[in-house]
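Below is the file structure06.cif, which contains mmCIF, C-alpha atoms and all ligand atoms.
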```cif
data_input
loop_
_atom_site.label_atom_id
_atom_site.label_comp_id
_atom_site.auth_asym_id
_atom_site.auth_seq_id
_atom_site.Cartn_x
_atom_site.Cartn_y
_atom_site.Cartn_z
CA MET A 229 19.22 7.39 -20.65
CA SER A 230 17.81 10.42 -22.39
CA ASN A 231 14.07 10.62 -22.57
CA THR A 232 13.94 10.88 -26.38
CA HIS A 233 10.31 9.73 -26.53
CA ALA A 234 8.87 12.53 -24.43
CA PRO A 235 6.73 14.49 -24.24
CA PHE A 236 3.58 12.42 -23.96
CA PHE A 237 1.87 15.19 -22.02
CA PRO A 238 3.09 18.28 -23.95
CA ASP A 239 0.34 20.61 -22.77
CA VAL A 240 0.86 19.95 -19.05
CA ASP A 241 3.55 21.76 -17.08
CA ARG A 242 4.91 20.65 -13.75
CA ILE A 243 2.02 20.67 -11.26
CA SER A 244 2.67 23.15 -8.50
CA TYR A 245 1.04 24.44 -5.33
CA GLU A 246 -1.30 27.37 -5.98
CA GLY A 247 -3.25 27.38 -2.69
CA PRO A 248 -6.89 26.72 -1.77
CA SER A 249 -8.26 29.62 -3.79
CA SER A 250 -6.77 28.42 -7.10
CA ASP A 251 -9.31 27.31 -9.69
CA ASN A 252 -6.66 25.71 -11.90
CA PRO A 253 -7.55 21.99 -12.12
CA LEU A 254 -3.92 21.19 -12.96
CA ALA A 255 -2.53 22.66 -9.71
CA TYR A 256 -2.33 21.53 -6.09
CA GLN A 257 -4.57 23.42 -3.70
CA HIS A 258 -3.22 21.87 -0.49
CA TYR A 259 -0.05 19.93 -1.24
CA ALA A 260 2.82 22.33 -0.61
CA LYS A 261 5.72 19.89 -0.45
CA ASP A 262 8.05 22.09 1.61
CA GLN A 263 5.46 23.18 4.17
CA ILE A 264 6.41 22.00 7.65
CA VAL A 265 3.73 20.01 9.46
CA LEU A 266 4.44 18.60 12.93
CA GLY A 267 8.13 19.31 12.41
CA LYS A 268 8.50 17.58 9.03
CA ARG A 269 8.13 18.59 5.36
CA MET A 270 4.87 17.47 3.77
CA GLU A 271 6.77 15.56 1.09
CA ASP A 272 8.68 13.64 3.77
CA HIS A 273 5.52 12.79 5.71
CA LEU A 274 3.64 11.48 2.69
CA ARG A 275 6.40 9.97 0.50
CA MET A 276 3.95 9.57 -2.38
CA ALA A 277 4.38 7.12 -5.24
CA VAL A 278 2.70 6.54 -8.60
CA CYS A 279 2.06 2.88 -9.43
CA TYR A 280 3.00 1.49 -12.82
CA TRP A 281 0.17 -1.01 -13.26
CA HIS A 282 -2.98 1.14 -13.04
CA THR A 283 -1.46 4.30 -14.43
CA TYR A 284 0.63 3.13 -17.38
CA CYS A 285 -0.16 -0.57 -18.00
CA TRP A 286 -3.94 -0.73 -17.81
CA ASP A 287 -5.65 0.15 -21.11
CA GLY A 288 -9.16 0.35 -19.65
CA PHE A 289 -10.27 -3.24 -20.36
CA ASP A 290 -12.71 -4.92 -18.01
CA ILE A 291 -14.37 -8.34 -17.99
CA PHE A 292 -17.15 -6.99 -20.23
CA GLY A 293 -15.16 -5.06 -22.78
CA ALA A 294 -11.91 -4.04 -24.43
CA GLY A 295 -9.61 -1.17 -23.54
CA THR A 296 -10.92 2.36 -23.89
CA PHE A 297 -7.79 4.43 -23.27
CA GLY A 298 -5.68 4.10 -26.44
CA ARG A 299 -2.52 5.26 -24.66
CA PRO A 300 0.15 6.50 -27.08
CA TRP A 301 2.76 4.23 -25.42
CA HIS A 302 0.74 0.99 -25.88
CA ASN A 303 0.80 -1.39 -28.85
CA PRO A 304 -1.17 -4.63 -29.27
CA GLN A 305 1.92 -6.87 -29.13
CA ASN A 306 3.22 -5.19 -25.96
CA ASP A 307 6.68 -5.50 -27.47
CA ARG A 308 9.98 -3.96 -26.45
CA SER A 309 9.24 -0.62 -28.08
CA ALA A 310 5.99 -0.38 -26.06
CA ALA A 311 7.89 -1.16 -22.84
CA ASP A 312 10.40 1.59 -23.64
CA LEU A 313 7.74 4.15 -24.49
CA LYS A 314 5.82 3.28 -21.34
CA MET A 315 8.93 3.89 -19.23
CA ALA A 316 9.49 7.26 -20.89
CA ALA A 317 5.85 8.19 -20.21
CA ALA A 318 6.13 6.98 -16.60
CA PHE A 319 9.08 9.22 -15.73
CA GLU A 320 7.63 12.21 -17.59
CA PHE A 321 4.34 11.84 -15.68
CA LEU A 322 6.05 11.40 -12.30
CA THR A 323 8.25 14.42 -12.94
CA LYS A 324 5.25 16.53 -13.96
CA LEU A 325 3.33 15.49 -10.85
CA ASP A 326 6.42 16.41 -8.80
CA LEU A 327 6.13 13.30 -6.61
CA PRO A 328 9.23 11.45 -5.37
CA PHE A 329 8.51 7.72 -5.79
CA TYR A 330 7.17 4.98 -8.07
CA CYS A 331 6.28 1.27 -7.65
CA PHE A 332 6.20 -1.60 -10.15
CA HIS A 333 5.62 -5.32 -10.74
CA ASP A 334 8.30 -7.12 -12.77
CA VAL A 335 5.88 -7.70 -15.66
CA ASP A 336 4.83 -4.02 -15.72
CA VAL A 337 8.22 -2.74 -16.81
CA VAL A 338 9.05 -5.32 -19.49
CA GLU A 339 7.66 -6.37 -22.84
CA ALA A 340 5.48 -9.50 -23.14
CA SER A 341 7.88 -12.33 -22.17
CA GLU A 342 7.23 -15.74 -23.67
CA SER A 343 9.18 -17.77 -21.08
CA PRO A 344 10.62 -17.48 -17.56
CA GLU A 345 14.07 -17.08 -19.20
CA ALA A 346 12.81 -14.19 -21.30
CA LEU A 347 11.25 -12.52 -18.24
CA SER A 348 14.54 -12.77 -16.32
CA SER A 349 16.57 -11.20 -19.11
CA ASN A 350 13.97 -8.57 -19.95
CA LEU A 351 13.84 -7.56 -16.31
CA GLU A 352 17.62 -7.28 -16.29
CA ARG A 353 17.45 -4.85 -19.21
CA ALA A 354 14.50 -2.90 -17.74
CA THR A 355 16.37 -2.54 -14.43
CA GLU A 356 19.26 -0.87 -16.26
CA ASN A 357 16.85 1.51 -17.95
CA LEU A 358 14.95 2.28 -14.75
CA GLY A 359 18.27 3.00 -13.03
CA ALA A 360 19.19 5.43 -15.78
CA TYR A 361 15.84 7.23 -15.54
CA GLN A 362 16.18 7.42 -11.75
CA GLU A 363 19.58 8.98 -12.16
CA GLN A 364 18.30 11.45 -14.71
CA THR A 365 15.13 12.52 -12.87
CA GLY A 366 16.03 12.01 -9.19
CA LYS A 367 12.95 9.80 -8.74
CA ARG A 368 13.15 6.82 -6.38
CA LEU A 369 11.68 3.36 -6.06
CA LEU A 370 9.29 2.94 -3.11
CA TRP A 371 8.90 -0.79 -3.79
CA GLY A 372 9.08 -3.51 -6.36
CA THR A 373 7.06 -6.73 -6.48
CA ALA A 374 6.74 -9.87 -8.60
CA ASN A 375 3.44 -10.52 -10.33
CA LEU A 376 2.51 -14.09 -9.31
CA PHE A 377 -1.13 -13.91 -10.29
CA SER A 378 -1.56 -12.94 -13.98
CA HIS A 379 0.21 -15.78 -15.81
CA PRO A 380 -2.07 -18.84 -16.25
CA ARG A 381 0.48 -21.04 -14.45
CA TYR A 382 -0.38 -19.17 -11.24
CA ALA A 383 -4.12 -19.96 -11.31
CA ALA A 384 -3.69 -21.96 -8.07
CA GLY A 385 -1.15 -19.58 -6.52
CA GLY A 386 2.60 -19.05 -6.51
CA LEU A 387 4.19 -19.91 -3.17
CA THR A 388 1.16 -22.05 -2.20
CA ASN A 389 0.71 -23.89 -5.51
CA PRO A 390 0.00 -27.66 -5.37
CA ASP A 391 2.74 -28.16 -8.01
CA PRO A 392 6.36 -27.51 -6.91
CA GLU A 393 7.34 -26.71 -10.50
CA VAL A 394 5.03 -23.70 -10.46
CA THR A 395 6.31 -22.63 -7.05
CA ALA A 396 9.90 -22.85 -8.34
CA CYS A 397 8.94 -20.41 -11.14
CA ALA A 398 7.38 -18.09 -8.55
CA ILE A 399 10.53 -18.22 -6.44
CA ARG A 400 12.69 -17.42 -9.44
CA GLN A 401 10.53 -14.35 -10.15
CA ILE A 402 10.72 -13.20 -6.53
CA ARG A 403 14.51 -13.69 -6.44
CA ASP A 404 14.97 -11.71 -9.66
CA CYS A 405 12.62 -8.93 -8.64
CA LEU A 406 14.06 -8.59 -5.13
CA ASN A 407 17.53 -8.36 -6.69
CA ALA A 408 16.27 -5.71 -9.15
CA THR A 409 14.61 -3.75 -6.31
CA HIS A 410 17.87 -3.86 -4.38
CA ARG A 411 19.88 -2.66 -7.39
CA LEU A 412 17.48 0.25 -7.83
CA GLY A 413 17.81 1.30 -4.20
CA GLY A 414 14.17 0.36 -3.50
CA GLU A 415 12.93 1.16 0.00
CA ASN A 416 10.70 -1.93 0.37
CA TYR A 417 9.81 -5.17 -1.36
CA VAL A 418 6.11 -6.17 -1.45
CA LEU A 419 4.43 -9.56 -1.62
CA TRP A 420 0.74 -9.41 -2.37
CA GLY A 421 -0.49 -12.99 -2.25
CA GLY A 422 -2.80 -12.48 -5.22
CA ARG A 423 -3.70 -16.13 -5.54
CA GLU A 424 -2.29 -17.48 -2.28
CA GLY A 425 -5.53 -18.93 -0.95
CA TYR A 426 -8.26 -21.12 -2.38
CA ASP A 427 -11.46 -21.20 -4.38
CA THR A 428 -12.68 -24.41 -2.70
CA LEU A 429 -11.45 -26.41 0.28
CA LEU A 430 -12.50 -29.57 -1.58
CA ASN A 431 -9.27 -29.52 -3.63
CA THR A 432 -7.05 -27.67 -1.17
CA ASP A 433 -4.58 -29.03 1.39
CA LEU A 434 -4.72 -25.96 3.61
CA THR A 435 -2.21 -27.32 6.11
CA ARG A 436 0.44 -28.01 3.46
CA GLU A 437 -0.13 -24.72 1.64
CA LEU A 438 0.34 -22.64 4.80
CA GLU A 439 3.44 -24.61 5.78
CA ASN A 440 4.95 -24.11 2.34
CA PHE A 441 4.06 -20.43 2.44
CA GLY A 442 5.86 -20.00 5.77
CA ARG A 443 8.94 -21.91 4.59
CA PHE A 444 9.28 -19.91 1.36
CA LEU A 445 8.62 -16.57 3.05
CA SER A 446 11.50 -17.39 5.42
CA MET A 447 13.68 -17.91 2.32
CA VAL A 448 12.68 -14.48 0.99
CA VAL A 449 13.87 -12.97 4.28
CA GLU A 450 17.10 -15.01 4.16
CA HIS A 451 17.76 -13.80 0.64
CA LYS A 452 17.13 -10.18 1.62
CA HIS A 453 19.87 -10.47 4.26
CA LYS A 454 22.17 -12.38 1.92
CA ILE A 455 22.17 -9.61 -0.69
CA GLY A 456 22.25 -6.84 1.92
CA PHE A 457 18.87 -5.33 1.03
CA LYS A 458 18.12 -2.81 3.78
CA GLY A 459 14.49 -2.13 2.88
CA LYS A 460 11.49 -3.83 4.48
CA ILE A 461 9.75 -6.96 3.21
CA LEU A 462 6.02 -6.22 3.20
CA ILE A 463 3.00 -8.50 2.94
CA GLU A 464 -0.19 -6.86 1.67
CA PRO A 465 -3.33 -8.01 3.46
CA LYS A 466 -6.43 -8.71 1.38
CA PRO A 467 -9.25 -11.10 2.36
CA HIS A 468 -10.52 -12.20 -1.05
CA GLU A 469 -10.57 -11.34 -4.76
CA PRO A 470 -9.41 -12.95 -6.92
CA MET A 471 -9.59 -16.03 -4.66
CA TYR A 472 -12.62 -16.91 -2.58
CA HIS A 473 -10.35 -16.88 0.47
CA GLN A 474 -6.84 -15.43 0.72
CA TYR A 475 -4.44 -16.45 3.45
CA ASP A 476 -3.23 -12.88 4.09
CA PHE A 477 -6.75 -11.96 5.18
CA ASP A 478 -5.95 -8.93 7.33
CA THR A 479 -3.17 -7.52 9.51
CA ALA A 480 -4.12 -9.56 12.57
CA THR A 481 -4.14 -12.81 10.55
CA ILE A 482 -0.70 -11.99 9.15
CA TYR A 483 0.56 -11.34 12.68
CA GLY A 484 -0.47 -14.85 13.71
CA PHE A 485 1.15 -16.33 10.58
CA LEU A 486 4.44 -14.45 11.09
CA SER A 487 4.56 -15.38 14.72
CA ARG A 488 4.05 -19.08 13.83
CA PHE A 489 7.02 -18.99 11.43
CA ASP A 490 9.21 -16.81 13.65
CA LEU A 491 9.20 -13.92 11.19
CA LEU A 492 7.93 -11.13 13.45
CA GLY A 493 10.11 -8.05 13.03
CA GLU A 494 11.32 -9.32 9.63
CA VAL A 495 8.10 -8.78 7.69
CA HIS A 496 5.77 -5.79 7.91
CA VAL A 497 2.50 -4.89 6.16
CA ASN A 498 1.45 -2.80 3.18
CA ILE A 499 -2.05 -1.63 4.08
CA GLU A 500 -4.66 -0.69 1.49
CA PRO A 501 -7.95 1.03 2.49
CA ASN A 502 -9.92 -0.86 -0.15
CA HIS A 503 -8.64 -4.17 1.21
CA SER A 504 -9.36 -3.04 4.78
CA THR A 505 -13.00 -2.43 3.99
CA LEU A 506 -13.22 -5.74 2.06
CA SER A 507 -12.15 -7.51 5.25
CA GLY A 508 -14.83 -5.73 7.26
CA HIS A 509 -12.46 -3.25 8.90
CA SER A 510 -11.90 0.47 8.57
CA PHE A 511 -8.66 1.83 7.13
CA ALA A 512 -7.91 3.34 10.57
CA HIS A 513 -8.41 -0.05 12.25
CA GLU A 514 -5.82 -1.72 10.03
CA ILE A 515 -3.33 1.11 10.64
CA ALA A 516 -3.95 1.05 14.41
CA THR A 517 -3.48 -2.74 14.46
CA ALA A 518 -0.24 -2.58 12.46
CA VAL A 519 1.14 0.21 14.67
CA SER A 520 0.17 -1.61 17.84
CA LEU A 521 1.75 -4.91 16.68
CA GLY A 522 4.92 -3.22 15.38
CA MET A 523 4.13 -4.24 11.80
CA MET A 524 3.59 -0.91 10.05
CA GLY A 525 5.25 -0.77 6.65
CA SER A 526 3.64 1.19 3.83
CA ILE A 527 0.24 2.23 2.47
CA ASP A 528 -1.47 1.68 -0.90
CA ILE A 529 -3.83 4.62 -0.83
CA ASN A 530 -7.20 4.18 -2.53
CA CYS A 531 -10.78 3.38 -1.61
CA GLY A 532 -13.63 1.16 -2.71
CA ASN A 533 -17.16 2.02 -3.61
CA TYR A 534 -19.38 2.11 -0.53
CA GLN A 535 -22.34 0.63 -2.42
CA ASN A 536 -20.86 -2.42 -4.14
CA GLY A 537 -17.97 -3.33 -1.83
CA TRP A 538 -15.60 -4.55 -4.58
CA ASP A 539 -11.91 -3.78 -4.93
CA THR A 540 -12.55 -0.83 -7.25
CA ASP A 541 -9.22 0.92 -6.52
CA GLN A 542 -10.56 4.48 -6.71
CA PHE A 543 -8.65 7.59 -5.79
CA ASN A 544 -9.43 8.24 -2.13
CA LEU A 545 -10.98 11.70 -1.71
CA ASP A 546 -12.45 10.98 1.70
CA VAL A 547 -10.43 13.42 3.81
CA ARG A 548 -12.17 12.39 7.03
CA ASP A 549 -11.40 8.69 6.54
CA ILE A 550 -7.72 9.37 5.81
CA THR A 551 -7.53 11.80 8.74
CA LEU A 552 -8.76 9.08 11.11
CA ALA A 553 -6.02 6.74 9.81
CA LEU A 554 -3.33 9.43 10.14
CA VAL A 555 -4.38 10.10 13.72
CA GLU A 556 -3.38 6.48 14.42
CA LEU A 557 -0.20 6.62 12.33
CA LEU A 558 1.45 9.99 13.06
CA PRO A 559 1.95 9.67 16.86
CA SER A 560 3.93 6.46 16.23
CA GLY A 561 6.47 8.42 14.17
CA GLY A 562 4.70 8.06 10.82
CA LEU A 563 6.08 6.23 7.82
CA ASP A 564 9.64 5.05 7.98
CA THR A 565 10.67 3.25 4.76
CA GLY A 566 6.99 3.30 3.70
CA GLY A 567 5.03 5.80 1.67
CA PHE A 568 1.64 6.44 0.15
CA ASN A 569 1.45 4.59 -3.16
CA PHE A 570 -1.51 5.50 -5.37
CA ASP A 571 -2.80 1.99 -6.05
CA ALA A 572 -5.75 3.69 -7.73
CA LYS A 573 -7.05 3.98 -11.24
CA VAL A 574 -9.13 6.44 -13.18
CA ARG A 575 -12.50 5.07 -14.28
CA ARG A 576 -12.79 3.27 -17.62
CA GLN A 577 -14.74 6.17 -19.08
CA SER A 578 -12.02 8.66 -18.08
CA SER A 579 -10.05 8.09 -21.24
CA ASP A 580 -8.15 11.38 -21.70
CA LEU A 581 -4.53 11.72 -20.66
CA HIS A 582 -5.56 14.71 -18.54
CA ASP A 583 -7.77 12.38 -16.48
CA LEU A 584 -4.59 10.69 -15.20
CA PHE A 585 -3.50 14.06 -13.83
CA TYR A 586 -6.90 14.89 -12.33
CA GLY A 587 -7.02 11.51 -10.57
CA HIS A 588 -3.60 11.90 -8.99
CA ILE A 589 -3.97 15.59 -8.16
CA GLY A 590 -7.20 14.84 -6.29
CA GLY A 591 -5.51 11.98 -4.42
CA VAL A 592 -2.47 14.09 -3.52
CA ASP A 593 -4.58 17.00 -2.27
CA ALA A 594 -6.80 14.70 -0.21
CA LEU A 595 -3.70 13.31 1.52
CA ALA A 596 -2.35 16.80 2.13
CA ARG A 597 -5.66 17.98 3.59
CA ALA A 598 -5.85 14.90 5.80
CA LEU A 599 -2.30 15.52 7.02
CA LEU A 600 -3.13 19.12 7.94
CA SER A 601 -6.38 18.03 9.60
CA ALA A 602 -4.73 15.22 11.57
CA ALA A 603 -1.93 17.53 12.72
CA ASP A 604 -4.47 20.10 13.92
CA LEU A 605 -6.48 17.43 15.69
CA ILE A 606 -3.45 15.93 17.40
CA GLU A 607 -2.30 19.36 18.58
CA ARG A 608 -5.66 20.84 19.58
CA ALA A 609 -7.88 17.99 20.67
CA ASN A 610 -5.46 16.41 23.13
CA LEU A 611 -6.49 12.96 22.02
CA LYS A 612 -3.62 11.47 23.97
CA ASP A 613 -4.61 13.29 27.19
CA ASN A 614 -8.14 12.08 26.72
CA LYS A 615 -7.00 8.47 26.42
CA ASP A 616 -4.54 8.84 29.31
CA LYS A 617 -7.35 10.10 31.56
CA ARG A 618 -9.63 7.29 30.47
CA TYR A 619 -7.05 4.64 31.40
CA ALA A 620 -5.54 6.46 34.42
CA GLY A 621 -6.80 3.79 36.82
CA TRP A 622 -4.27 1.33 35.40
CA GLU A 623 -1.48 3.64 36.57
CA GLY A 624 -2.95 3.81 40.10
CA ASP A 625 -2.63 1.38 43.03
CA LEU A 626 -5.53 -0.86 42.08
CA GLY A 627 -4.55 -1.26 38.43
CA LYS A 628 -0.88 -1.85 39.19
CA THR A 629 -1.62 -4.42 41.89
CA MET A 630 -4.02 -6.28 39.62
CA LEU A 631 -1.37 -6.54 36.90
CA SER A 632 1.51 -7.44 39.19
CA ALA A 633 3.16 -10.85 38.87
CA SER A 634 1.83 -11.96 42.28
CA SER A 635 -1.84 -11.36 41.40
CA SER A 636 -4.27 -14.15 40.66
CA LEU A 637 -7.93 -14.47 39.89
CA ASP A 638 -8.51 -15.24 43.58
CA SER A 639 -6.45 -12.32 44.90
CA ILE A 640 -8.25 -9.82 42.66
CA ALA A 641 -11.70 -11.22 43.36
CA ASN A 642 -10.98 -11.22 47.10
CA GLN A 643 -9.77 -7.62 46.95
CA ALA A 644 -12.93 -6.63 45.05
CA SER A 645 -15.02 -8.22 47.74
CA ALA A 646 -12.96 -6.94 50.74
CA GLN A 647 -12.98 -3.34 49.46
CA LYS A 648 -16.60 -3.58 48.26
CA LEU A 649 -15.47 -2.38 44.80
CA ASP A 650 -18.43 -1.20 42.76
CA GLY A 651 -17.03 0.09 39.41
CA ARG A 652 -19.13 2.71 37.63
CA HIS A 653 -19.18 3.68 33.97
CA THR A 654 -17.77 7.06 32.93
CA SER A 655 -18.55 8.66 29.58
CA GLY A 656 -16.40 7.83 26.57
CA ARG A 657 -17.39 11.22 25.04
CA GLN A 658 -17.58 9.79 21.54
CA GLU A 659 -19.71 12.59 20.08
CA TYR A 660 -17.46 15.24 21.61
CA LEU A 661 -14.45 13.57 19.97
CA GLU A 662 -16.16 13.10 16.63
CA ASN A 663 -17.07 16.79 16.65
CA MET A 664 -13.40 17.59 17.20
CA ILE A 665 -12.60 15.69 14.00
CA ASN A 666 -15.06 17.72 11.98
CA ARG A 667 -13.80 20.98 13.48
CA SER A 668 -10.25 20.13 12.44
CA LEU A 669 -11.04 19.14 8.87
CA VAL A 670 -9.27 21.39 6.41
C1 LIG B 701 -4.41 -5.92 -5.73
C2 LIG B 701 -3.23 -5.42 -5.06
C3 LIG B 701 -1.98 -5.27 -5.93
C4 LIG B 701 -0.75 -5.15 -5.09
C5 LIG B 701 0.53 -5.35 -5.85
O1 LIG B 701 -5.52 -5.91 -5.22
O2 LIG B 701 -3.60 -4.20 -4.47
O3 LIG B 701 -2.14 -4.19 -6.78
O4 LIG B 701 -0.68 -3.93 -4.45
O5 LIG B 701 0.63 -6.61 -6.39
CA CA B 702 -2.31 -2.76 -3.42
CA CA B 703 -6.65 -3.29 -4.56
#
```

File written out as structure tokens:
Amino acid sequence: MSNTHAPFFPDVDRISYEGPSSDNPLAYQHYAKDQIVLGKRMEDHLRMAVCYWHTYCWDGFDIFGAGTFGRPWHNPQNDRSAADLKMAAAFEFLTKLDLPFYCFHDVDVVEASESPEALSSNLERATENLGAYQEQTGKRLLWGTANLFSHPRYAAGGLTNPDPEVTACAIRQIRDCLNATHRLGGENYVLWGGREGYDTLLNTDLTRELENFGRFLSMVVEHKHKIGFKGKILIEPKPHEPMYHQYDFDTATIYGFLSRFDLLGEVHVNIEPNHSTLSGHSFAHEIATAVSLGMMGSIDINCGNYQNGWDTDQFNLDVRDITLALVELLPSGGLDTGGFNFDAKVRRQSSDLHDLFYGHIGGVDALARALLSAADLIERANLKDNKDKRYAGWEGDLGKTMLSASSSLDSIANQASAQKLDGRHTSGRQEYLENMINRSLV
């Protein structure tokens, strides 16, 4: 497929690394993709992706007003020619940013489709075109996903809808999009339960909805194996918005759900900082929980606004916050099939095409700085040694005996009394450790 529509960004060259002293706003100051950090190239650590929906689909509308962007690839009908132009713009932008991956929803890559049949066949055509662009540019698919929340039929959810006819439509979309992701060599398949949850318990059979959800998620996993898809199936935790309550509340909730339906090891998580903070957790907490429970999949990098708490999907420039998350992620081996997908959008007032570049360049450099900072911290601050020392007692006689199979509440209590054990607090050195973070920040 030759990109006959390009260029949409004629005055922007490929963005390259110019170093921290560069004052070129269309250059990377920290992201040097071939630089080796902790034994791996930066590009391979971060595996960054541009998302279709915020970057190419959104025209700047919000609930109070119409679109502000006037993108040259949009038209009011969102017809086939708009879908084709958008795809050309997408691969030009990705190539100019020099990032390896992209992500999409089925409806993002096709024209407006008036029926489920039309969506299936339009997706078929779009998959061919995406494959051709991948071939031509060397870009890869980090993940695909089906949009089960925008069409009015999904007002009460997709896989948890009260009406089986709606759920059947949702399943058809998932089947088609998982097949398309597989054909495109996608590395993961994501399910964000956009409307899997409820607005009021008064009309909701919570027991039935969760049972149906578990049953149909098992079918997604069965289908993945049937077609030989080697990527990971990922659920994306989010506590609320658009629904009052969403079943995939946070990573720990999903762990309980997967364990109930015997899906542990088959389904992992796609963690988003903005969703982490919405659920009352830090980004680092969600990463640490996923690593600890063996559920780490991928990351949708963004952040919310600290004052209003909504899902504002901003580019995350908070190097310290990302560093704290990477300190949890990197020692576990880092991302495997996952990556950092920019699920972030420029503000509605940022209506120039250049703003799309500024947004992503800032996000990329923040990730690169956080990677360098986390690597320095891990190497210099001996965080592992510090933790090992703090928990050393559990490797000694007392700790081992207490945890042995023959121990009981009585045996431990009796030992405490016989040996007159009188445990004392030792410092956790929190301020010392927090200072180490600030000293490592690049
Ligand atoms: C919305 C979600 C969504 C998913 C993909 O809050 O972040 O964008 O990542 O459906
Ligand atoms: Ca997301
Ligand atoms: Ca979000």

Within 9 Å of ligand LIG 701 (chain B) (all atoms listed in the file), residues as a PyMOL selection string: chain A and resi 279+281-282+331-333+372-377+418-422+464-466+469-470+498-500+502-503+528+539-541+569+571-572

Kindly save the residues from that selection, with C-alpha atoms included, as a JSON list (two decimals), in the frame of the given file.
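The result, written out as again_15.json:
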```json
[["chain", "number", "residue", "atom", "x", "y", "z"],
["A", 279, "CYS", "CA", 2.06, 2.88, -9.43],
["A", 281, "TRP", "CA", 0.17, -1.01, -13.26],
["A", 282, "HIS", "CA", -2.98, 1.14, -13.04],
["A", 331, "CYS", "CA", 6.28, 1.27, -7.65],
["A", 332, "PHE", "CA", 6.20, -1.60, -10.15],
["A", 333, "HIS", "CA", 5.62, -5.32, -10.74],
["A", 372, "GLY", "CA", 9.08, -3.51, -6.36],
["A", 373, "THR", "CA", 7.06, -6.73, -6.48],
["A", 374, "ALA", "CA", 6.74, -9.87, -8.60],
["A", 375, "ASN", "CA", 3.44, -10.52, -10.33],
["A", 376, "LEU", "CA", 2.51, -14.09, -9.31],
["A", 377, "PHE", "CA", -1.13, -13.91, -10.29],
["A", 418, "VAL", "CA", 6.11, -6.17, -1.45],
["A", 419, "LEU", "CA", 4.43, -9.56, -1.62],
["A", 420, "TRP", "CA", 0.74, -9.41, -2.37],
["A", 421, "GLY", "CA", -0.49, -12.99, -2.25],
["A", 422, "GLY", "CA", -2.80, -12.48, -5.22],
["A", 464, "GLU", "CA", -0.19, -6.86, 1.67],
["A", 465, "PRO", "CA", -3.33, -8.01, 3.46],
["A", 466, "LYS", "CA", -6.43, -8.71, 1.38],
["A", 469, "GLU", "CA", -10.57, -11.34, -4.76],
["A", 470, "PRO", "CA", -9.41, -12.95, -6.92],
["A", 498, "ASN", "CA", 1.45, -2.80, 3.18],
["A", 499, "ILE", "CA", -2.05, -1.63, 4.08],
["A", 500, "GLU", "CA", -4.66, -0.69, 1.49],
["A", 502, "ASN", "CA", -9.92, -0.86, -0.15],
["A", 503, "HIS", "CA", -8.64, -4.17, 1.21],
["A", 528, "ASP", "CA", -1.47, 1.68, -0.90],
["A", 539, "ASP", "CA", -11.91, -3.78, -4.93],
["A", 540, "THR", "CA", -12.55, -0.83, -7.25],
["A", 541, "ASP", "CA", -9.22, 0.92, -6.52],
["A", 569, "ASN", "CA", 1.45, 4.59, -3.16],
["A", 571, "ASP", "CA", -2.80, 1.99, -6.05],
["A", 572, "ALA", "CA", -5.75, 3.69, -7.73]]
```

Nearest to A:Asn416: which of A:Tyr330, A:Phe441, A:Tyr382, A:Trp286 is it, counting all atoms listed in the file? A:Tyr330

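Atom pair atom CA of A:Pro390 / atom CA of A:Glu424 has a distance of 10.9 Å (rounded to one decimal).
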
From atom CA of A:Phe319 to atom CA of A:Val338 the spacing works out at 15.0 Å

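With all atoms listed in the file taken into account, the protein and nucleic acid residues at most 12 Å from A:His451 (excluding it and anything under 5 positions from it in its own chain) are A:Ile399, A:Arg400, A:Ile402, A:Arg403, A:Asp404, A:Cys405, A:Leu406, A:Asn407, A:His410, A:Tyr417, A:Phe444, A:Leu445, A:Ser446, A:Gly456, A:Phe457, A:Lys458, A:Ile461, A:Glu494.
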
Which centre and edge lengths in Å to one decimal define the box along x, y and z that fits every listed atom of stretch 533-548 of chain A plus 8 Å per side, as AutoDock Vina command-line options?
```
--center_x -15.5 --center_y 4.4 --center_z -0.1 --size_x 29.7 --size_y 34.0 --size_z 30.3
```

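Ranking A:Val592, A:Met270, A:Ala398, A:Ile529 by their shortest atom-to-atom distance to ligand CA 703 (chain B), with all atoms listed in the file included, puts A:Ile529 first.
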
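Rounded to one decimal, atom CA of A:Met664 and atom CA of A:Ala609 lie 6.5 Å from each other.
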
I'd like to know which of A:Asp638, A:His302, A:Gln364, A:Leu274 is closest to A:Gly288, using only C-alpha atoms. A:His302
